[in-house]
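Colleague: What follows is query_39.txt, made up of compact mmCIF, C-alpha atoms:
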# COMPACT_ATOMS: atom_id res chain seq x y z
CA MET R 886 12.25 92.78 -17.19
CA SER R 887 10.78 89.98 -15.15
CA GLU R 888 7.08 89.82 -15.48
CA GLU R 889 4.88 88.46 -12.70
CA MET R 890 4.56 84.78 -13.45
CA PRO R 891 1.03 83.51 -13.25
CA PHE R 892 0.77 81.15 -10.30
CA ASP R 893 -2.16 78.80 -10.43
CA ASP R 894 -3.52 75.66 -8.90
CA ASP R 895 -1.40 73.48 -11.15
CA ASP R 896 1.71 75.19 -9.83
CA GLN R 897 0.54 74.64 -6.26
CA MET R 898 -0.03 70.97 -7.01
CA LEU R 899 3.33 70.63 -8.70
CA ALA R 900 4.98 72.12 -5.61
CA ALA R 901 3.09 69.72 -3.33
CA GLU R 902 4.02 66.73 -5.47
CA TYR R 903 7.62 67.85 -5.46
CA VAL R 904 7.66 68.02 -1.67
CA LEU R 905 6.01 64.61 -1.38
CA GLY R 906 8.57 63.15 -3.79
CA LEU R 907 5.91 62.01 -6.24
CA LEU R 908 7.42 63.58 -9.35
CA SER R 909 9.63 61.91 -11.88
CA GLY R 910 10.97 62.54 -15.36
CA GLU R 911 10.02 65.77 -17.08
CA ASP R 912 7.73 66.93 -14.25
CA LEU R 913 10.57 66.63 -11.75
CA ALA R 914 12.94 68.47 -14.06
CA GLU R 915 10.41 71.26 -14.44
CA ALA R 916 9.90 71.52 -10.67
CA ARG R 917 13.66 71.84 -10.17
CA ARG R 918 13.94 74.53 -12.80
CA ARG R 919 11.10 76.48 -11.23
CA LEU R 920 12.58 76.05 -7.76
CA ALA R 921 15.83 77.62 -8.89
CA GLY R 922 14.37 80.49 -10.88
CA ASP R 923 10.87 81.22 -9.67
CA PRO R 924 10.53 82.72 -6.17
CA ALA R 925 6.76 82.19 -6.09
CA PHE R 926 7.24 78.50 -6.79
CA ALA R 927 10.04 78.25 -4.22
CA LEU R 928 7.77 79.91 -1.66
CA SER R 929 5.01 77.43 -2.42
CA VAL R 930 7.44 74.55 -1.93
CA THR R 931 8.50 75.95 1.45
CA GLN R 932 4.87 76.41 2.41
CA TRP R 933 4.09 72.78 1.59
CA GLU R 934 7.18 71.64 3.46
CA ILE R 935 5.97 73.47 6.56
CA GLU R 936 2.43 72.17 6.26
CA LEU R 937 3.28 68.59 5.45
CA SER R 938 5.87 68.44 8.22
CA GLU R 939 2.84 68.35 10.53
CA LEU R 940 2.43 64.76 9.40
CA ALA R 941 5.55 64.01 11.42
CA VAL R 942 4.20 65.58 14.61
CA ASP R 943 2.73 62.36 15.95
CA VAL R 944 5.93 60.42 15.36
CA ALA R 945 7.30 59.67 18.84
CA PRO R 946 10.85 60.79 19.65
CA GLN R 947 13.29 57.94 20.19
CA PRO R 948 16.45 57.88 22.33
CA VAL R 949 19.43 58.43 20.05
CA PRO R 950 22.20 55.80 20.26
CA ALA R 951 25.36 57.30 21.77
CA ALA R 952 27.37 56.14 18.77
CA ALA R 953 25.35 58.44 16.52
CA TRP R 954 26.80 61.58 18.03
CA ARG R 955 30.36 60.26 18.08
CA GLY R 956 30.15 59.22 14.44
CA LEU R 957 28.61 62.54 13.50
CA GLU R 958 31.28 64.46 15.39
CA THR R 959 33.98 62.62 13.47
CA ARG R 960 32.29 63.27 10.16
CA VAL R 961 31.63 66.93 10.75
CA PHE R 962 34.64 68.04 12.77
CA GLY R 963 37.10 65.52 11.36
CA ALA R 964 38.15 64.21 14.76
CA PRO R 965 40.99 61.72 14.42
CA ASP R 966 39.77 58.22 13.70
CA MET R 967 40.86 56.16 16.66
CA GLY R 968 39.09 53.05 15.48
CA VAL R 969 40.72 49.74 14.76
CA PRO R 970 42.26 49.69 11.28
CA ALA R 971 40.38 47.70 8.66
CA ARG R 972 42.96 44.98 8.38
CA LEU R 973 42.84 44.48 12.12
CA GLN R 974 39.06 44.28 11.98
CA ALA R 975 39.32 41.68 9.27
CA ALA R 976 41.58 39.73 11.56
CA LEU R 977 38.96 39.72 14.31
CA ALA R 978 37.16 36.74 12.88
CA PHE R 979 40.45 34.88 12.88
CA TRP R 980 41.15 35.78 16.50
CA ARG R 981 38.03 34.04 17.68
CA GLY R 982 39.79 30.73 17.31
CA LEU R 983 42.97 31.81 19.05
CA SER R 984 44.04 31.27 22.61
CA VAL R 985 43.58 34.01 25.17
CA VAL R 986 47.29 34.74 25.30
CA ALA R 987 47.57 35.11 21.56
CA VAL R 988 44.51 37.31 21.51
CA LEU R 989 45.95 39.60 24.15
CA LEU R 990 49.24 39.93 22.32
CA VAL R 991 47.45 40.79 19.10
CA ALA R 992 45.27 43.27 21.01
CA ILE R 993 48.27 45.15 22.32
CA LEU R 994 49.99 45.06 18.95
CA GLY R 995 46.80 46.32 17.38
CA TYR R 996 46.58 49.10 19.91
CA LEU R 997 50.12 50.15 19.10
CA VAL R 998 49.25 50.25 15.39
CA VAL R 999 46.31 52.51 16.18
CA SER R 1000 48.14 54.76 18.58
CA GLY R 1001 50.95 55.41 16.16
CA PRO R 1002 54.59 56.27 16.69
CA ASP R 1003 54.06 58.13 19.96
CA VAL R 1004 53.93 54.81 21.72
CA ALA R 1005 57.16 52.87 21.81
CA PRO R 1006 57.07 49.55 19.97
CA GLY R 1007 56.87 46.56 22.22
CA PHE R 1008 54.35 45.60 24.84
CA GLY R 1009 54.00 44.78 28.47
CA PRO R 1010 53.78 46.65 31.73
CA SER R 1011 56.84 48.79 31.07
CA ASP R 1012 54.99 50.57 28.30
CA GLY R 1013 51.96 51.27 30.46
CA LEU R 1014 49.85 49.06 28.19
CA MET R 1015 47.96 46.13 29.61
CA ALA R 1016 45.29 43.95 28.11
CA ALA R 1017 42.63 41.57 29.27
CA GLU R 1018 39.54 39.91 27.94
CA ILE R 1019 36.07 40.79 29.15
CA THR R 1020 34.12 37.57 28.81
CA SER R 1021 30.97 35.81 29.92
CA ASP R 1022 31.20 32.51 31.78
CA ASP R 1023 30.10 30.54 28.74
CA GLY R 1024 32.52 32.38 26.45
CA SER R 1025 29.83 33.58 24.02
CA PHE R 1026 30.55 37.19 24.92
CA ARG R 1027 34.19 38.20 24.35
CA TYR R 1028 35.69 41.68 24.21
CA LEU R 1029 39.28 42.82 24.33
CA ALA R 1030 40.25 45.61 26.65
CA VAL R 1031 43.55 47.44 26.33
CA LEU R 1032 44.41 49.83 29.14
CA ASP R 1033 46.80 52.64 28.29
CA GLU R 1034 47.88 54.03 31.65
CA ASP R 1035 49.93 56.85 30.18
CA GLU R 1036 47.09 58.16 28.05
CA GLY R 1037 44.41 57.28 30.60
CA VAL R 1038 42.42 55.42 27.95
CA LEU R 1039 40.62 52.09 27.89
CA GLN R 1040 40.12 50.72 24.39
CA VAL R 1041 37.53 47.99 24.07
CA THR R 1042 37.16 45.88 20.93
CA ARG R 1043 34.44 43.40 20.10
CA ILE R 1044 35.36 39.81 19.33
CA SER R 1045 31.91 38.31 19.77
CA GLY R 1046 28.60 39.08 21.41
CA THR R 1047 26.37 42.16 21.34
CA ALA R 1048 23.77 43.85 23.50
CA PRO R 1049 20.20 42.51 23.27
CA ALA R 1050 18.00 44.34 20.74
CA GLY R 1051 17.14 47.85 21.85
CA ARG R 1052 19.83 47.84 24.56
CA VAL R 1053 23.36 49.23 24.65
CA LEU R 1054 26.58 48.01 26.23
CA GLN R 1055 28.13 50.02 29.03
CA VAL R 1056 31.70 49.54 30.21
CA TRP R 1057 32.48 49.70 33.94
CA ALA R 1058 35.65 49.47 35.95
CA HIS R 1059 36.83 49.68 39.55
CA GLY R 1060 39.80 49.08 41.80
CA ASP R 1061 39.79 46.63 44.70
CA ASP R 1062 36.96 47.30 47.19
CA GLN R 1063 35.75 50.23 45.08
CA PRO R 1064 32.29 50.69 43.55
CA ALA R 1065 32.03 50.26 39.77
CA ILE R 1066 32.37 53.51 37.83
CA SER R 1067 31.09 53.98 34.30
CA VAL R 1068 33.87 54.24 31.72
CA GLY R 1069 31.42 54.86 28.88
CA LEU R 1070 29.05 53.32 26.36
CA PHE R 1071 30.40 50.86 23.83
CA GLY R 1072 28.30 52.19 20.96
CA ASP R 1073 27.46 50.50 17.68
CA GLY R 1074 30.96 50.22 16.27
CA ASP R 1075 33.45 47.40 16.69
CA THR R 1076 35.71 49.33 18.99
CA ALA R 1077 35.42 52.10 21.54
CA ARG R 1078 38.22 54.29 22.86
CA LEU R 1079 37.08 55.49 26.25
CA PRO R 1080 38.90 58.11 28.32
CA LEU R 1081 39.15 57.00 31.94
CA PRO R 1082 37.43 59.06 34.62
CA PRO R 1083 40.01 60.52 37.07
CA GLU R 1084 39.09 58.08 39.87
CA LEU R 1085 40.04 55.16 37.64
CA ARG R 1086 43.39 56.62 36.66
CA ARG R 1087 44.54 56.30 40.24
CA VAL R 1088 43.71 52.61 40.59
CA THR R 1089 46.50 50.36 41.83
CA GLY R 1090 46.37 46.62 42.26
CA ASN R 1091 43.58 44.94 40.30
CA PHE R 1092 41.70 46.85 37.63
CA THR R 1093 38.39 45.02 37.37
CA MET R 1094 36.20 45.60 34.33
CA GLY R 1095 32.66 44.66 33.44
CA MET R 1096 30.21 45.23 30.62
CA SER R 1097 26.48 45.41 31.21
CA GLU R 1098 23.50 45.72 28.91
CA GLU R 1099 21.58 48.95 29.57
CA PRO R 1100 18.76 51.07 28.15
CA PRO R 1101 19.82 53.47 25.34
CA GLY R 1102 21.80 56.28 26.92
CA GLY R 1103 23.18 54.00 29.61
CA SER R 1104 22.33 53.10 33.19
CA GLN R 1105 20.26 55.70 35.02
CA GLN R 1106 21.74 54.72 38.38
CA ASP R 1107 25.24 54.83 39.88
CA GLY R 1108 26.17 51.28 38.90
CA PRO R 1109 24.96 48.83 36.25
CA SER R 1110 21.16 48.49 36.10
CA GLY R 1111 21.01 45.67 33.56
CA GLN R 1112 22.54 42.25 33.30
CA VAL R 1113 26.35 42.06 33.46
CA MET R 1114 27.38 40.38 30.20
CA GLY R 1115 31.07 39.90 30.85
CA ARG R 1116 33.89 40.49 33.31
CA GLY R 1117 37.67 40.82 33.14
CA VAL R 1118 40.59 41.80 35.36
CA ILE R 1119 43.91 43.45 34.67
CA ALA R 1120 46.05 42.40 37.60
CA GLY R 1121 48.98 44.13 39.24
CA LEU R 1122 48.83 47.79 38.28
CA MET I 210 6.26 76.19 21.61
CA THR I 211 7.29 79.77 20.86
CA ASP I 212 10.16 79.46 23.34
CA ASP I 213 11.21 76.25 21.67
CA ARG I 214 11.11 77.94 18.31
CA GLN I 215 13.25 80.86 19.44
CA GLU I 216 15.64 78.45 21.08
CA LEU I 217 15.99 76.45 17.86
CA GLU I 218 16.43 79.60 15.80
CA ARG I 219 19.14 80.77 18.16
CA MET I 220 20.97 77.44 17.83
CA LEU I 221 20.71 77.42 14.04
CA GLY I 222 21.96 80.99 13.92
CA ARG I 223 25.02 80.04 15.94
CA ILE I 224 25.56 76.86 13.92
CA ALA I 225 25.58 78.97 10.77
CA LEU I 226 28.57 80.76 12.33
CA GLY I 227 30.32 77.46 12.94
CA ASP I 228 29.53 77.09 16.65
CA ARG I 229 30.18 73.45 17.59
CA GLN I 230 28.63 73.78 21.02
CA ALA I 231 25.37 74.96 19.45
CA PHE I 232 25.51 72.01 17.06
CA SER I 233 25.86 69.62 19.98
CA GLU I 234 22.94 71.35 21.75
CA LEU I 235 20.76 71.09 18.68
CA PHE I 236 21.60 67.39 18.36
CA ASP I 237 20.56 66.80 21.98
CA HIS I 238 17.44 68.91 21.53
CA ALA I 239 16.12 67.76 18.15
CA GLY I 240 17.98 64.45 17.73
CA PRO I 241 15.38 62.20 19.42
CA LYS I 242 12.50 63.63 17.39
CA LEU I 243 14.41 63.32 14.11
CA PHE I 244 15.69 59.85 15.02
CA GLY I 245 12.09 58.81 15.72
CA LEU I 246 11.15 60.12 12.28
CA CYS I 247 14.04 58.34 10.53
CA LEU I 248 13.14 55.15 12.37
CA ARG I 249 9.50 55.51 11.36
CA VAL I 250 10.47 55.89 7.70
CA LEU I 251 13.26 53.30 7.55
CA LYS I 252 12.10 50.82 10.23
CA ASP I 253 15.69 49.80 10.87
CA ARG I 254 17.87 51.21 13.65
CA ALA I 255 21.18 51.12 11.81
CA GLU I 256 19.70 52.72 8.70
CA ALA I 257 17.88 55.30 10.80
CA GLN I 258 21.08 56.16 12.63
CA ASP I 259 22.89 56.69 9.31
CA ALA I 260 20.03 58.85 8.05
CA LEU I 261 20.12 60.87 11.28
CA GLN I 262 23.84 61.49 10.86
CA ASP I 263 23.42 62.43 7.20
CA SER I 264 20.66 64.84 8.21
CA PHE I 265 22.80 66.57 10.80
CA VAL I 266 25.74 66.80 8.41
CA LYS I 267 23.37 68.72 6.11
CA VAL I 268 22.23 70.89 9.01
CA TRP I 269 25.83 71.75 9.84
CA ARG I 270 26.65 72.60 6.23
CA HIS I 271 23.47 74.44 5.35
CA ALA I 272 22.40 76.16 8.56
CA ASP I 273 23.03 79.49 6.83
CA ARG I 274 20.31 78.59 4.33
CA PHE I 275 17.78 78.31 7.11
CA GLU I 276 18.22 81.95 7.98
CA VAL I 277 17.27 83.12 4.51
CA SER I 278 14.44 80.61 4.13
CA ASP I 279 10.89 81.12 5.26
CA HIS I 280 10.87 77.97 7.32
CA HIS I 281 9.99 77.28 10.91
CA PRO I 282 13.10 75.76 12.47
CA MET I 283 11.41 72.48 13.41
CA SER I 284 9.73 72.03 10.03
CA TRP I 285 13.06 72.80 8.36
CA LEU I 286 14.74 70.08 10.42
CA ILE I 287 11.88 67.65 9.85
CA THR I 288 12.00 68.31 6.10
CA ILE I 289 15.72 67.57 6.00
CA ALA I 290 15.42 64.39 8.06
CA ARG I 291 12.35 63.18 6.18
CA ASN I 292 13.91 63.77 2.75
CA THR I 293 17.17 62.15 3.81
CA ALA I 294 15.35 59.10 5.20
CA ILE I 295 13.08 58.79 2.14
CA ASP I 296 16.06 59.06 -0.22
CA ARG I 297 17.78 56.32 1.74
CA LEU I 298 14.64 54.18 1.76
CA ARG I 299 14.35 54.49 -2.00
CA ALA I 300 18.01 53.74 -2.49
CA LEU I 301 17.44 50.59 -0.43
CA LYS I 302 14.41 49.62 -2.43
CA ALA I 303 16.47 50.44 -5.52
CA HIS I 304 13.45 50.15 -7.74
CA GLU I 305 13.78 53.68 -8.95
CA ASP I 306 16.51 55.96 -10.13
CA ILE I 307 17.92 57.32 -6.88
CA ASP I 308 19.14 60.55 -8.37
CA ASP I 309 15.71 61.23 -9.76
CA HIS I 310 14.34 61.57 -6.28
CA THR I 311 17.13 63.30 -4.47
CA HIS I 312 15.53 66.17 -2.68
CA HIS I 313 16.86 69.63 -2.54
CA LEU I 314 16.35 72.00 0.27
CA THR I 315 14.51 75.16 -0.44
CA GLY I 316 16.49 78.08 0.72
CA ARG I 317 15.32 81.18 -1.02
CA GLY I 318 13.83 84.04 0.87
CA ALA I 319 10.70 85.24 -0.82
CA GLY I 320 9.86 88.62 0.58
CA PRO I 321 6.79 89.85 2.39
CA GLU I 322 4.82 86.62 2.12
CA ALA I 323 7.31 85.02 4.43
CA ALA I 324 5.77 86.53 7.51
CA ALA I 325 2.36 85.27 6.49
CA ILE I 326 3.64 81.72 6.21
CA ALA I 327 5.44 81.98 9.49
CA ARG I 328 2.09 82.71 11.10
CA SER I 329 0.54 79.57 9.67
CA GLU I 330 -0.57 77.80 12.75
CA ALA I 331 0.22 74.18 13.28
CA ALA I 332 -3.25 73.62 14.69
CA ARG I 333 -4.85 74.91 11.52
CA ILE I 334 -2.67 72.70 9.33
CA ARG I 335 -3.70 69.72 11.39
CA ALA I 336 -7.37 70.65 11.26
CA CYS I 337 -7.16 70.91 7.48
CA LEU I 338 -5.43 67.55 7.23
CA ALA I 339 -8.19 66.12 9.37
CA GLU I 340 -10.82 67.52 6.98
CA LEU I 341 -9.52 65.45 4.08
CA PRO I 342 -11.38 62.28 3.13
CA GLU I 343 -9.69 59.49 5.03
CA ASP I 344 -8.28 57.63 2.05
CA ARG I 345 -6.66 60.75 0.66
CA ARG I 346 -5.27 61.81 4.00
CA ASN I 347 -3.77 58.35 4.34
CA ALA I 348 -2.39 58.55 0.83
CA VAL I 349 -0.70 61.91 1.52
CA GLN I 350 0.63 60.46 4.74
CA ARG I 351 1.94 57.36 2.99
CA ALA I 352 3.75 59.45 0.40
CA TYR I 353 5.28 61.61 3.14
CA LEU I 354 6.21 58.97 5.70
CA GLU I 355 6.56 55.77 3.68
CA GLY I 356 7.83 57.23 0.42
CA ASP I 357 4.98 55.75 -1.62
CA SER I 358 5.03 56.62 -5.33
CA TYR I 359 1.96 57.13 -7.49
CA ALA I 360 2.32 53.51 -8.61
CA ASP I 361 2.38 52.36 -4.98
CA LEU I 362 -0.71 54.44 -4.17
CA ALA I 363 -2.60 53.20 -7.24
CA ASP I 364 -1.86 49.69 -6.12
CA ARG I 365 -2.81 50.27 -2.53
CA TYR I 366 -6.08 52.09 -3.12
CA GLY I 367 -7.12 50.13 -6.20
CA ILE I 368 -7.13 53.16 -8.47
CA PRO I 369 -6.02 52.99 -12.11
CA LEU I 370 -2.52 54.39 -12.49
CA ASN I 371 -3.65 56.99 -15.00
CA THR I 372 -6.15 58.54 -12.61
CA VAL I 373 -4.32 58.27 -9.29
CA ARG I 374 -2.57 61.58 -9.83
CA THR I 375 -5.85 63.43 -10.37
CA TRP I 376 -7.30 61.62 -7.37
CA LEU I 377 -4.49 62.67 -5.03
CA ARG I 378 -4.26 66.18 -6.45
CA ARG I 379 -7.92 66.66 -5.53
CA GLY I 380 -6.97 65.94 -1.94
CA LEU I 381 -4.00 68.28 -2.06
CA MET I 382 -6.17 70.99 -3.59
CA ALA I 383 -8.72 70.62 -0.81
CA LEU I 384 -5.89 70.95 1.68
CA ARG I 385 -4.63 74.10 -0.04
CA GLU I 386 -8.11 75.61 -0.06
CA CYS I 387 -8.66 74.86 3.59
CA MET I 388 -5.32 76.41 4.44
CA SER I 389 -6.09 79.64 2.64
CA ARG I 390 -9.47 80.15 4.24
Turn the structure described in the file into structure tokens.

Modeller:
Amino acid sequence: MSEEMPFDDDDQMLAAEYVLGLLSGEDLAEARRRLAGDPAFALSVTQWEIELSELAVDVAPQPVPAAAWRGLETRVFGAPDMGVPARLQAALAFWRGLSVVAVLLVAILGYLVVSGPDVAPGFGPSDGLMAAEITSDDGSFRYLAVLDEDEGVLQVTRISGTAPAGRVLQVWAHGDDQPAISVGLFGDGDTARLPLPPELRRVTGNFTMGMSEEPPGGSQQDGPSGQVMGRGVIAGL
Amino acid sequence: MTDDRQELERMLGRIALGDRQAFSELFDHAGPKLFGLCLRVLKDRAEAQDALQDSFVKVWRHADRFEVSDHHPMSWLITIARNTAIDRLRALKAHEDIDDHTHHLTGRGAGPEAAAIARSEAARIRACLAELPEDRRNAVQRAYLEGDSYADLADRYGIPLNTVRTWLRRGLMALRECMSR
């Protein structure tokens, strides 16, 4: 029933223009029809896609921001969204004018909202939740850190300040007289929920935190390699 | 290169079966190249990151189509990332109907010719591209990497709009002829 369709130069050119995205209107509609129903045309399109992809060969690979994978994972696998709720994010601007104490209270409340009913309402050491600010000396860099001892999670939320262009923020922590251990990369979002490495779950006394600016992918050495942007301490664990 | 190709084909095969580990491996393996491409097209890190994610969502959903296509794994991935980035670029420019340009992946196996295409050597493709007159090679490149339309190309190369299509098609035809030598 199906007769061999004649396949000529015009068809080849139509396929090439389709791949390059140069078609519009009736030509584009025709290309789509042919793609769906004409194997020879579909093959020509694939052939052009292979050939023209060589134009991308000289494009240099670039380090992928860590946030890209996390966001992708959530989108594809539907991991639970542990981010700060939108209304809390909207409140962030407001927090910037508040005192440290008020900010810390709101941070813990916000964390409870995010964590859901598993965490008892209320705040303070008895719930295993503690909060501190990670700040620079001049106050231009301010992040909230909420430590959930029971879950072994440090949640960090941006109030103000970012990494310099082309750099990423890395979160560090250590106990007294201990070397700084990486907790994780902050990523491009407004909040990061970082599981604590085992060494940090055993910290007693002061839990000292820092955030440094690092190359994409994070510090290549044991401790921070870039400038430390802010520091904070949760006392009395 | 052959090892890389087999490795990518193996990952895509496992992704088609829903293997998350393989998906993560593919992201580590091909992510930087595709991110570089998205960045080249979009020239903005946040936009490029979104385009990269969109591309990999498509890879996850359509990996089974790769297996029945006649594509090389890397050119399949590049095609997805390039089309995703160009669609996003055009949506940003918003000077054209977005839907009009939404690309569709080819995914139809086409029989015995497939093997012949698979043997197309990258080096030969590049040599043929290099044989094109410089302005036409640049024009093809601009359409592919910058999303230029015929109107853009006419403008850029000072060619009347009603002849720019013939002008570029001559270049594409020369490329096709060189490839089939």

Colleague: For His281 in chain I, which residue out of R:Glu936, R:Asp1035, R:Asp943, R:Asp1075 is the nearest one, using all atoms listed in the file?

Modeller: R:Glu936

Colleague: May I have the residues within 12 Å of Ala1065 in chain R as a PyMOL selection string, using all atoms listed in the file and disregarding those fewer than 2 positions away in the same chain?

Modeller: chain R and resi 1055-1063+1067-1069+1082+1084-1085+1088+1092-1097+1106-1110+1113+1116

Colleague: Would you pick out the contacts of Leu1039 in chain R at 9 Å or less, using all atoms listed in the file, so that residues sharing its chain but fewer than 5 positions from it are not included, and give the list as a list in words?

Modeller: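 The neighbour list is Ala1030, Val1031, Leu1032, Asp1033, Glu1034, Val1068, Ala1077, Arg1078, Leu1079, Pro1080 and Leu1081 of chain R.
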
Colleague: If we count all atoms listed in the file and set the cut-off at 10 Å, which residues sit around Trp285 in chain I, ignoring sequence neighbours fewer than 2 positions away in its own chain? Please answer as JSON, numbers by chain.

Modeller: {"R": [931, 934, 935, 938], "I": [268, 272, 275, 278, 279, 280, 281, 282, 283, 287, 288, 289, 290, 291, 314, 315, 316]}

Colleague: Considering all atoms listed in the file, can you say which of R:Thr1020, R:Thr1089, R:Thr1042, R:Gln947 comes closest to Pro241 in chain I?

Modeller: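 The closest residue to Pro241 in chain I is R:Gln947.
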
Colleague: What is the distance, in Å and to one decimal place, between CA of Pro1064 in chain R and CA of Arg1087 in chain R?

Modeller: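 If I compute the distance from CA of Pro1064 in chain R to CA of Arg1087 in chain R, I get 13.9 Å.
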
Colleague: Counting only C-alpha atoms, which residues of chain R come no farther than 9 Å from chain I, as number ranges by chain?

Modeller: R: 894, 897-898, 901-910, 913-914, 917, 920-921, 924-925, 927-928, 930-942, 944-950, 952-954, 956-958, 960-962, 1051, 1073

Colleague: With distances taken over all atoms listed in the file, which of I:Leu301, I:Ala260, I:Ala231, I:Ala348 is nearest to Arg365 in chain I?

Modeller: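 Among I:Leu301, I:Ala260, I:Ala231, I:Ala348, it is I:Ala348 that comes nearest to Arg365 in chain I.
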
Colleague: Could you work out how far CA of Cys387 in chain I lies from CA of Ala336 in chain I, giving the answer in Å with one decimal?

Modeller: 8.8 Å

Colleague: If I take CA of Leu1054 in chain R and CA of Leu1122 in chain R, how far is one from the other in Å, to one decimal?

Modeller: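 CA of Leu1122 in chain R lies 25.3 Å from CA of Leu1054 in chain R.
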
Colleague: Rank nothing, just name the residue among R:Gly1115, R:Gly1102, R:Gly1024, R:Gly1090 nearest to Leu1070 in chain R, using all atoms listed in the file.

Modeller: R:Gly1102

Colleague: Which one is closest to Ala1017 in chain R: R:Val1041, R:Gly1111, R:Asp923, R:Glu915? Count only C-alpha atoms.

Modeller: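 Of R:Val1041, R:Gly1111, R:Asp923, R:Glu915, the one nearest Ala1017 in chain R is R:Val1041, counting only C-alpha atoms.
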